[in-house]
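Engineer: Enclosed is the structure file query_17.cif (mmCIF, C-alpha atoms).
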```cif
data_entry
#
loop_
_atom_site.label_atom_id
_atom_site.label_comp_id
_atom_site.auth_asym_id
_atom_site.auth_seq_id
_atom_site.Cartn_x
_atom_site.Cartn_y
_atom_site.Cartn_z
CA MET A 29 57.43 82.73 69.29
CA PHE A 30 60.79 84.58 69.39
CA ARG A 31 60.82 84.60 73.21
CA LEU A 32 60.15 80.84 73.29
CA LEU A 33 62.95 80.25 70.81
CA LEU A 34 65.40 82.12 73.04
CA ILE A 35 64.34 80.09 76.08
CA VAL A 36 64.78 76.84 74.18
CA LEU A 37 68.14 77.87 72.72
CA ALA A 38 69.56 79.45 75.88
CA PRO A 39 71.07 76.22 77.27
CA ALA A 40 72.73 75.46 73.92
CA ILE A 41 74.09 78.99 73.59
CA SER A 42 75.35 78.88 77.16
CA ALA A 43 77.05 75.51 76.59
CA LEU A 44 78.94 77.05 73.68
CA GLY A 45 80.11 79.89 75.92
CA LEU A 46 78.33 82.51 73.85
CA ALA A 47 75.68 83.62 76.31
CA ASN A 48 77.73 86.31 77.99
CA PRO A 49 80.33 88.02 75.80
CA VAL A 50 81.19 90.33 78.71
CA ALA A 51 82.23 87.31 80.78
CA LEU A 52 84.41 86.07 77.92
CA LYS A 53 86.07 89.46 77.66
CA ARG A 54 86.58 89.58 81.42
CA ASP A 55 88.22 86.16 81.35
CA ALA A 56 90.64 87.28 78.64
CA TRP A 57 91.22 90.47 80.61
CA SER A 58 91.83 88.62 83.88
CA ASP A 59 94.28 86.28 82.14
CA GLN A 60 96.19 89.26 80.76
CA VAL A 61 96.25 91.05 84.13
CA VAL A 62 97.54 87.97 85.95
CA SER A 63 100.03 87.04 83.22
CA LEU A 64 101.60 90.51 83.05
CA HIS A 65 101.81 90.81 86.82
CA ASN A 66 103.32 87.36 87.20
CA SER A 67 105.94 87.93 84.51
CA TYR A 68 107.16 91.03 86.37
CA ARG A 69 106.86 89.39 89.79
CA ALA A 70 108.99 86.43 88.67
CA GLN A 71 111.81 88.84 87.79
CA TYR A 72 111.98 89.79 91.49
CA GLY A 73 111.54 86.35 93.05
CA ALA A 74 107.87 86.81 93.96
CA SER A 75 105.38 83.95 93.67
CA PRO A 76 102.53 84.17 91.16
CA VAL A 77 99.34 85.99 92.07
CA SER A 78 95.86 84.87 91.11
CA TRP A 79 92.78 86.75 89.95
CA ASN A 80 90.52 88.03 92.73
CA GLN A 81 86.97 88.67 91.51
CA ASN A 82 86.02 90.68 94.61
CA LEU A 83 88.89 93.06 93.94
CA TYR A 84 87.73 93.37 90.34
CA ALA A 85 84.26 94.55 91.35
CA SER A 86 85.66 97.23 93.64
CA ALA A 87 88.36 98.30 91.15
CA LEU A 88 85.79 98.63 88.37
CA SER A 89 83.50 100.70 90.57
CA TRP A 90 86.38 103.04 91.41
CA ALA A 91 87.64 103.27 87.82
CA GLN A 92 84.19 104.22 86.55
CA GLN A 93 84.18 107.27 88.82
CA CYS A 94 87.01 108.72 86.69
CA ASN A 95 88.58 110.44 89.69
CA PHE A 96 92.36 110.05 89.67
CA VAL A 97 92.89 109.74 93.42
CA HIS A 98 93.43 106.72 95.61
CA SER A 99 90.28 105.27 97.10
CA PRO A 100 89.68 105.85 100.81
CA GLY A 101 89.83 103.05 103.33
CA GLY A 102 93.08 101.35 102.41
CA LYS A 103 91.84 97.75 102.68
CA TYR A 104 93.72 96.83 99.51
CA GLY A 105 96.91 97.79 97.80
CA GLU A 106 96.12 100.05 94.86
CA ASN A 107 97.99 101.32 91.81
CA LEU A 108 96.47 103.91 89.47
CA TYR A 109 97.40 104.86 85.92
CA ALA A 110 95.78 107.14 83.37
CA ILE A 111 96.60 107.99 79.79
CA GLY A 112 95.08 110.66 77.59
CA SER A 113 93.69 108.27 75.01
CA THR A 114 90.80 105.85 75.16
CA SER A 115 92.43 103.54 72.60
CA ALA A 116 95.71 103.04 74.48
CA ASP A 117 96.71 99.78 76.17
CA ALA A 118 96.59 101.19 79.69
CA LEU A 119 97.35 97.86 81.37
CA THR A 120 100.64 97.24 79.56
CA MET A 121 101.65 100.88 79.73
CA GLY A 122 100.68 101.19 83.38
CA LEU A 123 102.65 98.14 84.45
CA LYS A 124 105.63 99.27 82.40
CA SER A 125 105.47 102.68 84.08
CA TRP A 126 105.18 101.19 87.56
CA MET A 127 108.04 98.77 86.95
CA SER A 128 110.27 101.60 85.72
CA GLU A 129 110.39 102.70 89.37
CA ALA A 130 112.56 99.64 90.18
CA SER A 131 115.72 101.52 89.23
CA LYS A 132 115.01 104.04 92.02
CA TYR A 133 114.44 101.49 94.79
CA ASP A 134 117.16 101.57 97.46
CA TYR A 135 117.76 98.02 98.69
CA ASN A 136 120.27 99.40 101.22
CA ASN A 137 117.53 101.51 102.79
CA PRO A 138 114.34 99.51 102.15
CA GLY A 139 111.04 101.23 102.71
CA PHE A 140 108.25 103.15 101.09
CA THR A 141 108.83 106.16 98.88
CA SER A 142 106.36 107.83 96.57
CA SER A 143 108.77 107.30 93.68
CA THR A 144 108.88 103.49 94.09
CA GLY A 145 105.55 102.54 95.72
CA HIS A 146 103.91 101.28 92.54
CA PHE A 147 106.85 98.99 91.79
CA THR A 148 107.03 97.62 95.33
CA GLN A 149 103.30 96.85 95.32
CA VAL A 150 103.52 94.89 92.05
CA VAL A 151 106.40 92.70 93.30
CA TRP A 152 105.34 92.48 96.99
CA LYS A 153 105.94 88.83 97.90
CA SER A 154 103.08 88.52 100.42
CA THR A 155 100.48 89.67 97.89
CA THR A 156 98.49 86.72 96.53
CA GLY A 157 95.53 88.30 94.71
CA VAL A 158 95.16 90.95 92.04
CA ALA A 159 92.51 92.51 89.84
CA CYS A 160 92.59 95.47 87.51
CA ALA A 161 89.75 97.35 85.87
CA GLN A 162 89.71 100.24 83.46
CA ALA A 163 87.25 102.84 82.31
CA ASN A 164 87.08 105.36 79.50
CA CYS A 165 86.74 108.83 80.99
CA ALA A 166 85.48 111.98 79.34
CA ALA A 167 87.67 115.00 78.71
CA GLY A 168 87.72 117.19 81.79
CA THR A 169 87.57 114.34 84.29
CA ILE A 170 91.21 113.24 84.47
CA PHE A 171 92.84 115.33 81.75
CA PRO A 172 91.44 118.78 80.99
CA ASN A 173 91.32 118.49 77.20
CA ASN A 174 91.52 114.77 76.47
CA ALA A 175 89.35 111.76 77.00
CA SER A 176 91.34 109.14 78.86
CA LYS A 177 91.62 105.55 79.94
CA PHE A 178 91.84 105.10 83.72
CA LEU A 179 93.36 101.90 85.13
CA VAL A 180 92.85 100.77 88.73
CA CYS A 181 94.72 97.70 90.01
CA ARG A 182 94.05 96.34 93.47
CA TYR A 183 96.08 93.87 95.50
CA THR A 184 95.43 91.61 98.49
CA PRO A 185 96.93 91.39 100.99
CA PRO A 186 98.17 94.93 100.42
CA GLY A 187 101.85 95.66 100.02
CA ASN A 188 103.98 98.59 101.12
CA VAL A 189 103.66 97.67 104.79
CA ALA A 190 106.14 99.53 107.01
CA GLY A 191 108.85 97.26 108.40
CA GLN A 192 108.18 94.47 105.90
CA PHE A 193 110.08 95.71 102.84
CA PRO A 194 113.27 93.60 103.18
CA GLN A 195 111.38 90.30 103.10
CA ASN A 196 108.82 91.39 100.48
CA VAL A 197 110.77 93.29 97.81
CA GLY A 198 113.31 91.01 96.18
CA ARG A 199 116.20 91.97 93.97
CA HIS A 200 116.06 91.42 90.23
CA VAL A 201 116.93 87.78 89.51
#
```
Write out the structure in this file as structure tokens.
Structural biologist:
Amino acid sequence: MFRLLLIVLAPAISALGLANPVALKRDAWSDQVVSLHNSYRAQYGASPVSWNQNLYASALSWAQQCNFVHSPGGKYGENLYAIGSTSADALTMGLKSWMSEASKYDYNNPGFTSSTGHFTQVVWKSTTGVACAQANCAAGTIFPNNASKFLVCRYTPPGNVAGQFPQNVGRHV
């Protein structure tokens, strides 16, 4: 009887948007990711990016491994951030950290440096798609004594391409 009731009610529940709370959370998450990225990108004359679901799947898979190293292959741009708390807002804090690199970027000598590469990827004008995923990681995986939140953001097409910095990294407007 209970199984039949679920089958009968499933279309009604789905129509209300209640069937998959994970999807609802992901939509709120994707909106936040895109909104935060676009607010920073606008400050540097870059067009808005949109959510890329394929990037999300790969970013989530990488984040869940709780290994704070860049993924191999390099098909996408990638920014990583980790904080020693599972309750922290890693997305906001990560983007703020990456954008703090802007003050170190040398517009008179444009190019990649390890101290500005996160910033340049966020504002890279040719990038059109983004997705970020995060995972809670046990103590001993990223930080020796603390559980952590690990954020992985991926970008397509990737930024930080040699020879393309002058046209892709705008000045603050």
Engineer: Point out the residue among A:Phe171, A:Trp57, A:Phe96, A:Phe178 with the least atom-to-atom distance to Thr114 of chain A, counting all atoms listed in the file.
Structural biologist: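 Ranked by minimum distance to Thr114 of chain A, first place goes to A:Phe178.
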Engineer: As a PyMOL selection string, please: the residues near segment 66-79 of chain A (cut-off 7 Å, all atoms listed in the file, same-chain neighbours under 2 positions excluded).
Structural biologist: chain A and resi 58+62-64+81+150-153+155-159+198-201
Engineer: Pick out the residues sitting within 8 Å of Cys160 of chain A, and hand them over as a ChimeraX atom specification; count only C-alpha atoms, and ignore anything fewer than 4 positions along from it in its own chain.
Structural biologist: /A:58,61,83-84,87-88,179-182
Engineer: With C-alpha atoms kept, could you save the residues just selected as a PDB file, in the frame of the given file?
Structural biologist:
```
ATOM      1  CA  SER A  58      91.830  88.620  83.880  1.00  0.00           C
ATOM      2  CA  VAL A  61      96.250  91.050  84.130  1.00  0.00           C
ATOM      3  CA  LEU A  83      88.890  93.060  93.940  1.00  0.00           C
ATOM      4  CA  TYR A  84      87.730  93.370  90.340  1.00  0.00           C
ATOM      5  CA  ALA A  87      88.360  98.300  91.150  1.00  0.00           C
ATOM      6  CA  LEU A  88      85.790  98.630  88.370  1.00  0.00           C
ATOM      7  CA  LEU A 179      93.360 101.900  85.130  1.00  0.00           C
ATOM      8  CA  VAL A 180      92.850 100.770  88.730  1.00  0.00           C
ATOM      9  CA  CYS A 181      94.720  97.700  90.010  1.00  0.00           C
ATOM     10  CA  ARG A 182      94.050  96.340  93.470  1.00  0.00           C
TER      11      ARG A 182
END
```
Engineer: Is it possible to get the residues within 9 Å of (93.1, 105.8, 74.3) (coordinates as in the file, counting only C-alpha atoms) written as a count of residues only?
Structural biologist: 12
Engineer: Just to confirm, what's the straight-line distance from atom CA of Cys94 of chain A to atom CA of Asn80 of chain A in Å (one decimal)?
Structural biologist: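 Separating atom CA of Cys94 of chain A from atom CA of Asn80 of chain A is a distance of 21.8 Å.
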Engineer: How many Å separate atom CA of Gly139 of chain A from atom CA of Pro100 of chain A?
Structural biologist: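 It comes out at 21.9 Å.
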Engineer: Excluding Asn188 of chain A and any residue of its chain fewer than 4 positions from it, enumerate the residues within 12 Å of it, using all atoms listed in the file, and give them as a PyMOL selection string.
Structural biologist: chain A and resi 102+104-107+138-142+144-155+183-184+192-197
Engineer: What separation in Å, quoted to one decimal, exists between atom CA of Gln92 of chain A and atom CA of Cys165 of chain A?
Structural biologist: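 Rounded to one decimal, the two atoms are 7.7 Å apart.
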Engineer: Which protein, DNA or RNA residues are at most 7 Å from (113.4, 108.5, 89.4) in the file's coordinates when you count all atoms listed in the file, listed as a VMD selection string?
Structural biologist: chain A and resid 129 132 143
Engineer: Could those selected residues go to a file with C-alpha atoms, as a PDB file, in the coordinates of the input?
Structural biologist:
```pdb
ATOM      1  CA  GLU A 129     110.390 102.700  89.370  1.00  0.00           C
ATOM      2  CA  LYS A 132     115.010 104.040  92.020  1.00  0.00           C
ATOM      3  CA  SER A 143     108.770 107.300  93.680  1.00  0.00           C
TER       4      SER A 143
END
```
Engineer: Where atoms are absent from segment 96-110 of chain A, fill them in so it carries N, CA and C atoms, then output it as a CSV table (one decimal), keeping the file's coordinate frame.
Structural biologist:
```csv
chain,number,residue,atom,x,y,z
A,96,PHE,N,91.0,110.6,89.5
A,96,PHE,CA,92.4,110.0,89.7
A,96,PHE,C,92.9,110.4,91.1
A,97,VAL,N,92.4,109.7,92.0
A,97,VAL,CA,92.9,109.7,93.4
A,97,VAL,C,92.7,108.3,94.0
A,98,HIS,N,93.6,108.0,95.0
A,98,HIS,CA,93.4,106.7,95.6
A,98,HIS,C,92.1,106.7,96.4
A,99,SER,N,91.5,105.5,96.4
A,99,SER,CA,90.3,105.3,97.1
A,99,SER,C,90.5,105.3,98.6
A,100,PRO,N,89.5,105.8,99.4
A,100,PRO,CA,89.7,105.8,100.8
A,100,PRO,C,89.5,104.5,101.4
A,101,GLY,N,90.0,104.3,102.6
A,101,GLY,CA,89.8,103.0,103.3
A,101,GLY,C,91.1,102.2,103.4
A,102,GLY,N,91.8,102.1,102.4
A,102,GLY,CA,93.1,101.4,102.4
A,102,GLY,C,93.0,99.9,102.7
A,103,LYS,N,91.9,99.2,102.4
A,103,LYS,CA,91.8,97.8,102.7
A,103,LYS,C,92.7,96.9,101.7
A,104,TYR,N,93.0,97.5,100.6
A,104,TYR,CA,93.7,96.8,99.5
A,104,TYR,C,94.9,97.7,99.1
A,105,GLY,N,95.9,97.0,98.5
A,105,GLY,CA,96.9,97.8,97.8
A,105,GLY,C,96.3,98.3,96.5
A,106,GLU,N,96.8,99.4,96.0
A,106,GLU,CA,96.1,100.0,94.9
A,106,GLU,C,97.2,100.8,94.1
A,107,ASN,N,97.2,100.5,92.8
A,107,ASN,CA,98.0,101.3,91.8
A,107,ASN,C,97.0,101.9,90.8
A,108,LEU,N,97.3,103.2,90.4
A,108,LEU,CA,96.5,103.9,89.5
A,108,LEU,C,97.3,104.3,88.3
A,109,TYR,N,96.7,104.4,87.1
A,109,TYR,CA,97.4,104.9,85.9
A,109,TYR,C,96.3,105.4,85.0
A,110,ALA,N,96.7,106.6,84.4
A,110,ALA,CA,95.8,107.1,83.4
A,110,ALA,C,96.6,107.6,82.2
```
